[in-house]
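J.: Starting off with a structure, shown below.
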Amino acid sequence: MNYQVLARKWRPHNFTEVVGQEHVVKSLMNALQHDRLHHAYLFTGTRGVGKTTIARILAKAINCENLQDFNPCGVCSVCRDLDEGRFLDLIEVDAASRTKVEDTRDLLDNAQYAPNHGRYKVYLIDEVHMLSGHSFNALLKTLEEPPAHVKFLLATTDPHKIPVTVLSRCLQFNLKRLLPGQIFTQMEFILRQEHIEAESGALNLLARAADGSMRDGLSLLDQAIVYGNGKVGTEDVNAMLGTVAQQPVEDILTALAEGDAVAILDKINEIANLTPDFSDVLQQILQVLHRIALLQQMPGAIDHDFDVEMIAALAAKLTPEDVQLYYQIGLVGQRDLDLAPDPRSGFEMVMLRMLTFRPVGGGAPAPVKPAQVRQPINKPQAQPAYNQAQPVYNTAVTTQPAIVAETTVQETVVQIHDANWAEMVAAMKINGLTRELAHNCVLENIDDTVCTLILDPGHKQLRSRRTEENLQKALQAYRKSPLKLVITTEKTTVATPAVQLTKAREDKQQAAVDAINSDENVQALKEHLGARVMPGTIEPT
């Protein structure tokens, strides 16, 4: 019954163990190295990012009897006493429970006395913004003229509530929210040390749910271990969090890129069976769109993300213009989600709005899944005259009789100087980001020793060590020789397999439009009834 929660058991005990706050750690270690310690430090940041932890490590470091590379040694009497919570010269106070001026005065009355054991007497005041105005005034006097043996370490989640007179006397460090990848890596490390099995997908979900807080992430990890009976599985974490995994979000965006409304609605139906929060699903989509936009503009911007391959694959399928449009529609849709009759229908309308308002011909054309599509046609219908003595009124009424257009169009493949590259890519049966890389390359030369590909500069974000290794292995297996893969990035006038497929879809779409416009029935309706085919409603089958 002596179990200690992970957030406490794995709390860092020295600067080296701190995750994600290198800018703060480096400054503090340099101050220790050059003996330039300030008398008051203020650590700010959201919950669970390490404010109090770093303050305790600093209190340990400035009193440690045997610093190791300006890190607390962890074995001297000071370090042991501080870790065990019995170091008399560390006075730790929660300002939220001691807001009165009398409490602050009582606390500071002993500041004039020398430390009992360490070199410095350290006052660590957590959530310092909770002090009253009079308490800040009492603290300010000591901050202005502190005894040489006193150090103040203040921590807060809301520095704006601290008087500027106090702020101006402190050295302030703003701790960053942790990235999901950093939380994921720390969870993975802890579970290895704890000998607990875990699925990567489950840790991805927990890292995102932590919302930048390591403490929240480890608390959720504790909960997931108990929920999964000693294991951390994706399905268990999904059920525990009441959210959906990243994969449905990827599937929805892939279907959106392909203009496949049926696939989107099918995926929403699958998600609905998990009883999710559709607002959270939409937020995940917005987060992914944001990272796609970053990657398209700055290829190195998301190298730290653990799902960079998924983001890069989607970035290759969506144009920057479409990403910006979807993001804006998603933002507005999230605001209006509570106004919908129910969350699911509101979410479906947001997705259908993204499909509907995608510009025709803007950027890369939206590829379309084969389907039989009803063609709405507008025709006028006249009202009869009421009698001979009155004027005759003809009222045009818009109706939508449906016809089904079926076309059989063979996809046209653009011929290049080596027409077998697209066939080779298909034969190698590669997928994911590796396939996207191959589709956006042109084959310059290949033999049993080397394969040289040319990659369009607009898709250079697809290159990574993993994708190149996977493509090289696939080529070696296909050619049955240990050839080497060489990829150069330069402009080329030769069509890549990706361009060939896009051209084929464009030809197929145009053939479908021509088939509708040349249909005898459609022409008769236009001629005799003034009907018209609604733009953008024709799709090939």
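Order determines the names: the first chain of the structure tokens is A, the second B, and so forth; residues in each chain are numbered 1 upward, and ligands are numbered 1 upward as they are shown.
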Report as a list in words all protein, DNA and RNA residues lying within 10 Å of Ile62 in chain A, evaluated on only C-alpha atoms, omitting residues in the same chain fewer than 2 positions from it.
T.: Leu32, Asp35, Leu37, Ile57, Leu58, Ala59, Lys60, Cys64, Glu65, Leu67, Phe70, Asn71, Pro72, Gly118, Arg119, Tyr120, Lys121, Val122 and Lys151 of chain A
J.: Next, the residues of the selection above should be written as a short mmCIF file (atom, residue, chain, number, x, y, z; two decimals), in the first residue's frame with N, CA and C atoms.
T.:
data_model
loop_
_atom_site.label_atom_id
_atom_site.label_comp_id
_atom_site.auth_asym_id
_atom_site.auth_seq_id
_atom_site.Cartn_x
_atom_site.Cartn_y
_atom_site.Cartn_z
N LEU A 32 25.11 29.30 -11.69
CA LEU A 32 25.84 28.54 -10.67
C LEU A 32 27.33 28.45 -11.02
N ASP A 35 28.88 31.86 -10.41
CA ASP A 35 28.54 32.40 -9.09
C ASP A 35 27.85 33.76 -9.22
N LEU A 37 24.35 34.38 -8.77
CA LEU A 37 23.00 34.05 -8.36
C LEU A 37 22.22 35.31 -7.96
N ILE A 57 14.98 22.16 -7.26
CA ILE A 57 16.32 21.76 -7.72
C ILE A 57 17.32 22.90 -7.53
N LEU A 58 16.88 24.13 -7.80
CA LEU A 58 17.76 25.28 -7.61
C LEU A 58 18.09 25.46 -6.12
N ALA A 59 17.08 25.28 -5.25
CA ALA A 59 17.33 25.38 -3.81
C ALA A 59 18.34 24.33 -3.37
N LYS A 60 18.25 23.15 -3.98
CA LYS A 60 19.19 22.07 -3.66
C LYS A 60 20.59 22.41 -4.18
N CYS A 64 24.01 22.59 -2.13
CA CYS A 64 24.67 21.29 -2.25
C CYS A 64 26.15 21.39 -1.84
N GLU A 65 26.61 20.38 -1.14
CA GLU A 65 27.99 20.38 -0.64
C GLU A 65 28.99 19.86 -1.67
N LEU A 67 28.62 19.85 -5.71
CA LEU A 67 28.00 19.97 -7.03
C LEU A 67 28.74 19.14 -8.08
N PHE A 70 27.77 21.38 -11.82
CA PHE A 70 26.78 22.39 -11.44
C PHE A 70 25.37 21.80 -11.33
N ASN A 71 25.33 20.52 -11.06
CA ASN A 71 24.09 19.79 -10.79
C ASN A 71 24.14 19.32 -9.34
N PRO A 72 23.02 19.28 -8.63
CA PRO A 72 23.04 18.71 -7.28
C PRO A 72 23.55 17.28 -7.31
N GLY A 118 22.46 24.88 5.65
CA GLY A 118 22.96 25.21 4.31
C GLY A 118 23.61 26.56 4.25
N ARG A 119 24.05 26.93 3.01
CA ARG A 119 24.67 28.23 2.81
C ARG A 119 23.61 29.34 2.74
N TYR A 120 22.43 28.97 2.25
CA TYR A 120 21.38 29.98 2.08
C TYR A 120 20.08 29.49 2.71
N LYS A 121 19.31 30.44 3.19
CA LYS A 121 17.94 30.19 3.61
C LYS A 121 17.05 30.52 2.40
N VAL A 122 16.26 29.54 1.97
CA VAL A 122 15.49 29.68 0.72
C VAL A 122 14.00 29.73 1.05
N LYS A 151 17.49 33.68 -0.22
CA LYS A 151 17.09 33.62 -1.63
C LYS A 151 15.57 33.41 -1.70
#
J.: Which residues are close to range 159-171 of chain A, i.e. within 10 Å by only C-alpha atoms, leaving aside same-chain residues fewer than 2 positions away? Reply as an MDAnalysis selection string.
T.: chainID A and resid 37:45 127:133 136:137 139:141 143:144 152:157 173:174
J.: Please produce a file of those selected residues containing N, CA and C atoms, as a PDB file, in the first residue's frame.
T.:
ATOM      1  N   LEU A  37      24.347  34.379  -8.774  1.00  0.00           N
ATOM      2  CA  LEU A  37      22.995  34.046  -8.362  1.00  0.00           C
ATOM      3  C   LEU A  37      22.224  35.307  -7.964  1.00  0.00           C
ATOM      4  N   HIS A  38      21.038  35.442  -8.497  1.00  0.00           N
ATOM      5  CA  HIS A  38      20.155  36.548  -8.133  1.00  0.00           C
ATOM      6  C   HIS A  38      19.510  36.237  -6.782  1.00  0.00           C
ATOM      7  N   HIS A  39      19.017  37.275  -6.115  1.00  0.00           N
ATOM      8  CA  HIS A  39      18.426  37.028  -4.788  1.00  0.00           C
ATOM      9  C   HIS A  39      16.956  36.627  -4.887  1.00  0.00           C
ATOM     10  N   ALA A  40      16.314  36.825  -6.078  1.00  0.00           N
ATOM     11  CA  ALA A  40      14.898  36.476  -6.227  1.00  0.00           C
ATOM     12  C   ALA A  40      14.638  35.983  -7.647  1.00  0.00           C
ATOM     13  N   TYR A  41      14.041  34.810  -7.756  1.00  0.00           N
ATOM     14  CA  TYR A  41      13.685  34.223  -9.040  1.00  0.00           C
ATOM     15  C   TYR A  41      12.169  34.038  -9.100  1.00  0.00           C
ATOM     16  N   LEU A  42      11.587  34.321 -10.267  1.00  0.00           N
ATOM     17  CA  LEU A  42      10.149  34.098 -10.480  1.00  0.00           C
ATOM     18  C   LEU A  42       9.981  33.133 -11.641  1.00  0.00           C
ATOM     19  N   PHE A  43       9.348  31.990 -11.367  1.00  0.00           N
ATOM     20  CA  PHE A  43       9.098  30.973 -12.400  1.00  0.00           C
ATOM     21  C   PHE A  43       7.616  31.021 -12.758  1.00  0.00           C
ATOM     22  N   THR A  44       7.322  31.266 -14.039  1.00  0.00           N
ATOM     23  CA  THR A  44       5.936  31.360 -14.494  1.00  0.00           C
ATOM     24  C   THR A  44       5.670  30.298 -15.550  1.00  0.00           C
ATOM     25  N   GLY A  45       4.404  29.990 -15.741  1.00  0.00           N
ATOM     26  CA  GLY A  45       4.017  28.986 -16.726  1.00  0.00           C
ATOM     27  C   GLY A  45       2.743  28.285 -16.298  1.00  0.00           C
ATOM     28  N   GLU A 127       2.378  29.687  -6.119  1.00  0.00           N
ATOM     29  CA  GLU A 127       1.182  30.472  -6.454  1.00  0.00           C
ATOM     30  C   GLU A 127       1.223  31.834  -5.753  1.00  0.00           C
ATOM     31  N   VAL A 128       2.325  32.522  -5.933  1.00  0.00           N
ATOM     32  CA  VAL A 128       2.567  33.777  -5.231  1.00  0.00           C
ATOM     33  C   VAL A 128       1.535  34.857  -5.590  1.00  0.00           C
ATOM     34  N   HIS A 129       0.890  34.727  -6.750  1.00  0.00           N
ATOM     35  CA  HIS A 129      -0.097  35.737  -7.153  1.00  0.00           C
ATOM     36  C   HIS A 129      -1.320  35.758  -6.244  1.00  0.00           C
ATOM     37  N   MET A 130      -1.474  34.736  -5.390  1.00  0.00           N
ATOM     38  CA  MET A 130      -2.626  34.674  -4.492  1.00  0.00           C
ATOM     39  C   MET A 130      -2.453  35.546  -3.246  1.00  0.00           C
ATOM     40  N   LEU A 131      -1.271  36.094  -3.021  1.00  0.00           N
ATOM     41  CA  LEU A 131      -1.071  36.959  -1.861  1.00  0.00           C
ATOM     42  C   LEU A 131      -1.917  38.233  -1.995  1.00  0.00           C
ATOM     43  N   SER A 132      -2.332  38.742  -0.856  1.00  0.00           N
ATOM     44  CA  SER A 132      -3.104  39.987  -0.868  1.00  0.00           C
ATOM     45  C   SER A 132      -2.180  41.173  -1.136  1.00  0.00           C
ATOM     46  N   GLY A 133      -2.798  42.345  -1.371  1.00  0.00           N
ATOM     47  CA  GLY A 133      -2.008  43.542  -1.629  1.00  0.00           C
ATOM     48  C   GLY A 133      -1.108  43.912  -0.468  1.00  0.00           C
ATOM     49  N   PHE A 136       1.871  41.553  -0.344  1.00  0.00           N
ATOM     50  CA  PHE A 136       2.909  41.926  -1.313  1.00  0.00           C
ATOM     51  C   PHE A 136       3.739  43.102  -0.788  1.00  0.00           C
ATOM     52  N   ASN A 137       3.088  44.044  -0.126  1.00  0.00           N
ATOM     53  CA  ASN A 137       3.817  45.180   0.431  1.00  0.00           C
ATOM     54  C   ASN A 137       4.816  44.729   1.503  1.00  0.00           C
ATOM     55  N   LEU A 139       6.157  41.738   1.644  1.00  0.00           N
ATOM     56  CA  LEU A 139       7.207  40.992   0.952  1.00  0.00           C
ATOM     57  C   LEU A 139       8.172  41.932   0.232  1.00  0.00           C
ATOM     58  N   LEU A 140       7.624  43.027  -0.283  1.00  0.00           N
ATOM     59  CA  LEU A 140       8.420  43.946  -1.086  1.00  0.00           C
ATOM     60  C   LEU A 140       9.589  44.531  -0.287  1.00  0.00           C
ATOM     61  N   LYS A 141       9.366  44.827   0.974  1.00  0.00           N
ATOM     62  CA  LYS A 141      10.411  45.420   1.806  1.00  0.00           C
ATOM     63  C   LYS A 141      11.631  44.496   1.901  1.00  0.00           C
ATOM     64  N   LEU A 143      12.319  42.069  -0.270  1.00  0.00           N
ATOM     65  CA  LEU A 143      12.884  41.907  -1.613  1.00  0.00           C
ATOM     66  C   LEU A 143      13.795  43.077  -1.981  1.00  0.00           C
ATOM     67  N   GLU A 144      13.477  44.252  -1.471  1.00  0.00           N
ATOM     68  CA  GLU A 144      14.300  45.424  -1.783  1.00  0.00           C
ATOM     69  C   GLU A 144      15.673  45.338  -1.123  1.00  0.00           C
ATOM     70  N   PHE A 152      14.922  34.093  -2.615  1.00  0.00           N
ATOM     71  CA  PHE A 152      13.488  33.942  -2.815  1.00  0.00           C
ATOM     72  C   PHE A 152      13.239  33.242  -4.151  1.00  0.00           C
ATOM     73  N   LEU A 153      12.458  32.174  -4.120  1.00  0.00           N
ATOM     74  CA  LEU A 153      12.053  31.457  -5.334  1.00  0.00           C
ATOM     75  C   LEU A 153      10.529  31.495  -5.389  1.00  0.00           C
ATOM     76  N   LEU A 154       9.993  32.229  -6.341  1.00  0.00           N
ATOM     77  CA  LEU A 154       8.551  32.416  -6.461  1.00  0.00           C
ATOM     78  C   LEU A 154       8.040  31.671  -7.696  1.00  0.00           C
ATOM     79  N   ALA A 155       6.857  31.105  -7.588  1.00  0.00           N
ATOM     80  CA  ALA A 155       6.257  30.384  -8.715  1.00  0.00           C
ATOM     81  C   ALA A 155       4.801  30.805  -8.855  1.00  0.00           C
ATOM     82  N   THR A 156       4.350  30.942 -10.106  1.00  0.00           N
ATOM     83  CA  THR A 156       2.973  31.368 -10.328  1.00  0.00           C
ATOM     84  C   THR A 156       2.493  30.941 -11.711  1.00  0.00           C
ATOM     85  N   THR A 157       1.183  30.726 -11.814  1.00  0.00           N
ATOM     86  CA  THR A 157       0.558  30.468 -13.122  1.00  0.00           C
ATOM     87  C   THR A 157      -0.026  31.754 -13.706  1.00  0.00           C
ATOM     88  N   PHE A 173      11.613  33.777 -15.250  1.00  0.00           N
ATOM     89  CA  PHE A 173      11.754  32.711 -16.245  1.00  0.00           C
ATOM     90  C   PHE A 173      10.367  32.181 -16.593  1.00  0.00           C
ATOM     91  N   ASN A 174      10.055  32.197 -17.884  1.00  0.00           N
ATOM     92  CA  ASN A 174       8.758  31.700 -18.338  1.00  0.00           C
ATOM     93  C   ASN A 174       8.932  30.279 -18.868  1.00  0.00           C
TER      94      ASN A 174
END
J.: If we count only C-alpha atoms, what is near range 430-436 of chain A at a cut-off of 8 Å, once residues fewer than 3 positions away on the same chain are taken out, given as a count of residues only?
T.: 15
J.: I'd like the contact shell of range 484-488 of chain A - 12 Å cut-off, only C-alpha atoms, skipping same-chain residues fewer than 4 positions apart - returned as a PyMOL selection string.
T.: chain A and resi 437-438+440-457+459-460+462-465+467-477+479+492
J.: Mind checking which residues fall within 9 Å of Tyr113 in chain A, counting only C-alpha atoms, ignoring those fewer than 3 positions away in the same chain, and posting them as a PyMOL selection string?
T.: chain A and resi 109-110+116+121+147+149
J.: Can you list, as JSON, numbers by chain, all residues belonging to range 114-354 of chain A that DSSP tags as alpha helix (DSSP H)?
T.: {"A": [133, 134, 135, 136, 137, 138, 139, 140, 141, 142, 143, 144, 164, 165, 166, 167, 180, 181, 182, 183, 184, 185, 186, 187, 188, 189, 190, 191, 192, 193, 194, 200, 201, 202, 203, 204, 205, 206, 207, 208, 209, 214, 215, 216, 217, 218, 219, 220, 221, 222, 223, 224, 225, 226, 227, 234, 235, 236, 237, 238, 239, 240, 241, 246, 247, 248, 249, 250, 251, 252, 253, 254, 255, 256, 257, 261, 262, 263, 264, 265, 266, 267, 268, 269, 270, 271, 272, 278, 279, 280, 281, 282, 283, 284, 285, 286, 287, 288, 289, 290, 291, 292, 293, 294, 295, 296, 297, 308, 309, 310, 311, 312, 313, 314, 315, 316, 317, 320, 321, 322, 323, 324, 325, 326, 327, 328, 329, 330, 331, 332, 333, 334, 335, 336, 343, 344, 345, 346, 347, 348, 349, 350, 351, 352, 353, 354]}
J.: Using C-alpha atoms, can you export the residues from the last selection as a compact mmCIF listing (two decimals), in the first residue's frame?
T.:
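As written to disk, result-v2.txt reads:
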# COMPACT_ATOMS: atom_id res chain seq x y z
CA GLY A 133 -2.01 43.54 -1.63
CA HIS A 134 -0.81 44.10 1.93
CA SER A 135 1.09 40.80 1.85
CA PHE A 136 2.91 41.93 -1.31
CA ASN A 137 3.82 45.18 0.43
CA ALA A 138 5.26 43.22 3.35
CA LEU A 139 7.21 40.99 0.95
CA LEU A 140 8.42 43.95 -1.09
CA LYS A 141 10.41 45.42 1.81
CA THR A 142 12.47 42.24 2.17
CA LEU A 143 12.88 41.91 -1.61
CA GLU A 144 14.30 45.42 -1.78
CA VAL A 164 5.12 45.41 -11.09
CA THR A 165 7.11 46.57 -8.05
CA VAL A 166 7.63 42.91 -7.14
CA LEU A 167 8.23 41.80 -10.74
CA PRO A 180 3.19 16.17 -27.17
CA GLY A 181 6.37 14.51 -28.47
CA GLN A 182 8.29 15.42 -25.30
CA ILE A 183 5.53 14.04 -23.07
CA PHE A 184 5.32 10.91 -25.24
CA THR A 185 9.08 10.28 -24.96
CA GLN A 186 9.04 10.71 -21.17
CA MET A 187 6.07 8.35 -20.81
CA GLU A 188 7.82 5.77 -22.97
CA PHE A 189 10.96 6.03 -20.81
CA ILE A 190 9.03 5.71 -17.54
CA LEU A 191 7.06 2.67 -18.74
CA ARG A 192 10.26 0.93 -19.79
CA GLN A 193 11.69 1.49 -16.32
CA GLU A 194 8.42 0.30 -14.75
CA SER A 200 2.38 3.80 -29.12
CA GLY A 201 -1.10 4.89 -30.21
CA ALA A 202 -2.24 4.93 -26.59
CA LEU A 203 0.71 7.07 -25.52
CA ASN A 204 0.04 9.45 -28.42
CA LEU A 205 -3.50 9.96 -27.15
CA LEU A 206 -2.36 10.50 -23.57
CA ALA A 207 0.36 12.94 -24.65
CA ARG A 208 -2.17 15.06 -26.52
CA ALA A 209 -4.73 14.87 -23.72
CA MET A 214 3.79 16.69 -17.84
CA ARG A 215 2.08 16.25 -14.49
CA ASP A 216 -1.35 15.91 -16.13
CA GLY A 217 0.12 13.46 -18.62
CA LEU A 218 1.61 11.24 -15.92
CA SER A 219 -1.64 11.39 -13.93
CA LEU A 220 -3.53 10.22 -17.02
CA LEU A 221 -0.88 7.52 -17.53
CA ASP A 222 -1.47 6.30 -13.96
CA GLN A 223 -5.19 6.16 -14.67
CA ALA A 224 -4.64 4.31 -17.95
CA ILE A 225 -2.46 1.67 -16.25
CA VAL A 226 -5.18 0.98 -13.70
CA TYR A 227 -7.93 1.03 -16.36
CA THR A 234 -5.19 2.19 -27.42
CA GLU A 235 -8.75 0.90 -27.08
CA ASP A 236 -8.64 1.22 -23.29
CA VAL A 237 -7.30 4.77 -23.49
CA ASN A 238 -9.95 5.70 -26.04
CA ALA A 239 -12.66 4.39 -23.73
CA MET A 240 -11.10 6.07 -20.68
CA LEU A 241 -10.71 9.47 -22.31
CA GLN A 246 -5.75 10.10 -34.39
CA GLN A 247 -6.42 7.55 -37.16
CA PRO A 248 -10.07 8.58 -37.81
CA VAL A 249 -8.91 12.19 -38.09
CA GLU A 250 -6.32 11.15 -40.67
CA ASP A 251 -8.96 9.13 -42.55
CA ILE A 252 -11.40 12.06 -42.58
CA LEU A 253 -8.79 14.47 -43.96
CA THR A 254 -7.69 11.90 -46.55
CA ALA A 255 -11.30 11.48 -47.69
CA LEU A 256 -11.66 15.27 -47.73
CA ALA A 257 -8.61 15.56 -49.98
CA ALA A 261 -18.34 12.52 -49.06
CA VAL A 262 -19.45 8.90 -48.60
CA ALA A 263 -16.18 7.94 -46.89
CA ILE A 264 -16.41 10.98 -44.61
CA LEU A 265 -19.94 10.14 -43.49
CA ASP A 266 -19.02 6.47 -42.99
CA LYS A 267 -16.07 7.48 -40.82
CA ILE A 268 -18.28 9.85 -38.78
CA ASN A 269 -20.67 6.96 -38.22
CA GLU A 270 -17.81 4.81 -36.92
CA ILE A 271 -16.70 7.61 -34.61
CA ALA A 272 -20.26 8.08 -33.31
CA PHE A 278 -17.40 15.92 -31.62
CA SER A 279 -16.05 19.29 -30.52
CA ASP A 280 -12.85 17.50 -29.49
CA VAL A 281 -12.71 15.68 -32.85
CA LEU A 282 -13.04 18.99 -34.70
CA GLN A 283 -10.32 20.46 -32.49
CA GLN A 284 -8.01 17.56 -33.42
CA ILE A 285 -8.71 18.22 -37.10
CA LEU A 286 -7.84 21.89 -36.63
CA GLN A 287 -4.59 20.94 -34.86
CA VAL A 288 -3.61 18.65 -37.75
CA LEU A 289 -4.50 21.31 -40.35
CA HIS A 290 -2.35 23.80 -38.45
CA ARG A 291 0.66 21.48 -38.54
CA ILE A 292 0.04 20.70 -42.23
CA ALA A 293 0.10 24.44 -43.00
CA LEU A 294 3.34 24.82 -41.04
CA LEU A 295 4.96 21.95 -42.92
CA GLN A 296 3.89 23.29 -46.31
CA GLN A 297 5.41 26.70 -45.60
CA VAL A 308 5.37 13.81 -38.74
CA GLU A 309 4.94 11.10 -41.40
CA MET A 310 1.15 11.35 -41.23
CA ILE A 311 1.32 15.14 -41.44
CA ALA A 312 3.70 15.00 -44.42
CA ALA A 313 1.48 12.50 -46.25
CA LEU A 314 -1.56 14.76 -45.84
CA ALA A 315 0.48 17.84 -46.80
CA ALA A 316 1.25 16.16 -50.12
CA LYS A 317 -2.47 15.55 -50.81
CA PRO A 320 -2.08 25.18 -49.10
CA GLU A 321 -5.18 27.06 -50.26
CA ASP A 322 -7.46 24.19 -49.28
CA VAL A 323 -5.77 23.82 -45.89
CA GLN A 324 -6.38 27.49 -45.11
CA LEU A 325 -10.01 27.24 -46.24
CA TYR A 326 -10.67 24.10 -44.18
CA TYR A 327 -9.07 25.67 -41.12
CA GLN A 328 -11.26 28.77 -41.35
CA ILE A 329 -14.43 26.70 -41.90
CA GLY A 330 -13.46 24.49 -38.95
CA LEU A 331 -12.93 27.50 -36.66
CA VAL A 332 -16.33 28.93 -37.50
CA GLY A 333 -17.91 25.48 -37.25
CA GLN A 334 -16.46 24.93 -33.79
CA ARG A 335 -18.00 28.19 -32.62
CA ASP A 336 -21.41 27.21 -34.02
CA PRO A 343 -23.26 17.63 -32.08
CA ARG A 344 -23.04 14.92 -34.74
CA SER A 345 -25.22 16.73 -37.29
CA GLY A 346 -23.29 19.95 -36.61
CA PHE A 347 -19.99 18.16 -37.19
CA GLU A 348 -21.30 16.54 -40.39
CA MET A 349 -22.36 19.94 -41.72
CA VAL A 350 -18.88 21.36 -41.04
CA MET A 351 -17.31 18.51 -43.06
CA LEU A 352 -19.86 18.87 -45.89
CA ARG A 353 -19.26 22.64 -45.90
CA MET A 354 -15.55 21.97 -46.45
J.: Would you give me, as a list of chain:residue names, the residues in range 127-189 of chain A that DSSP reads as strand (DSSP E or B)?
T.: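 Residues meeting the strand (DSSP E or B) criterion: A:Val150, A:Lys151, A:Phe152, A:Leu153, A:Leu154, A:Ala155, A:Thr156, A:Leu171, A:Gln172, A:Phe173, A:Asn174.
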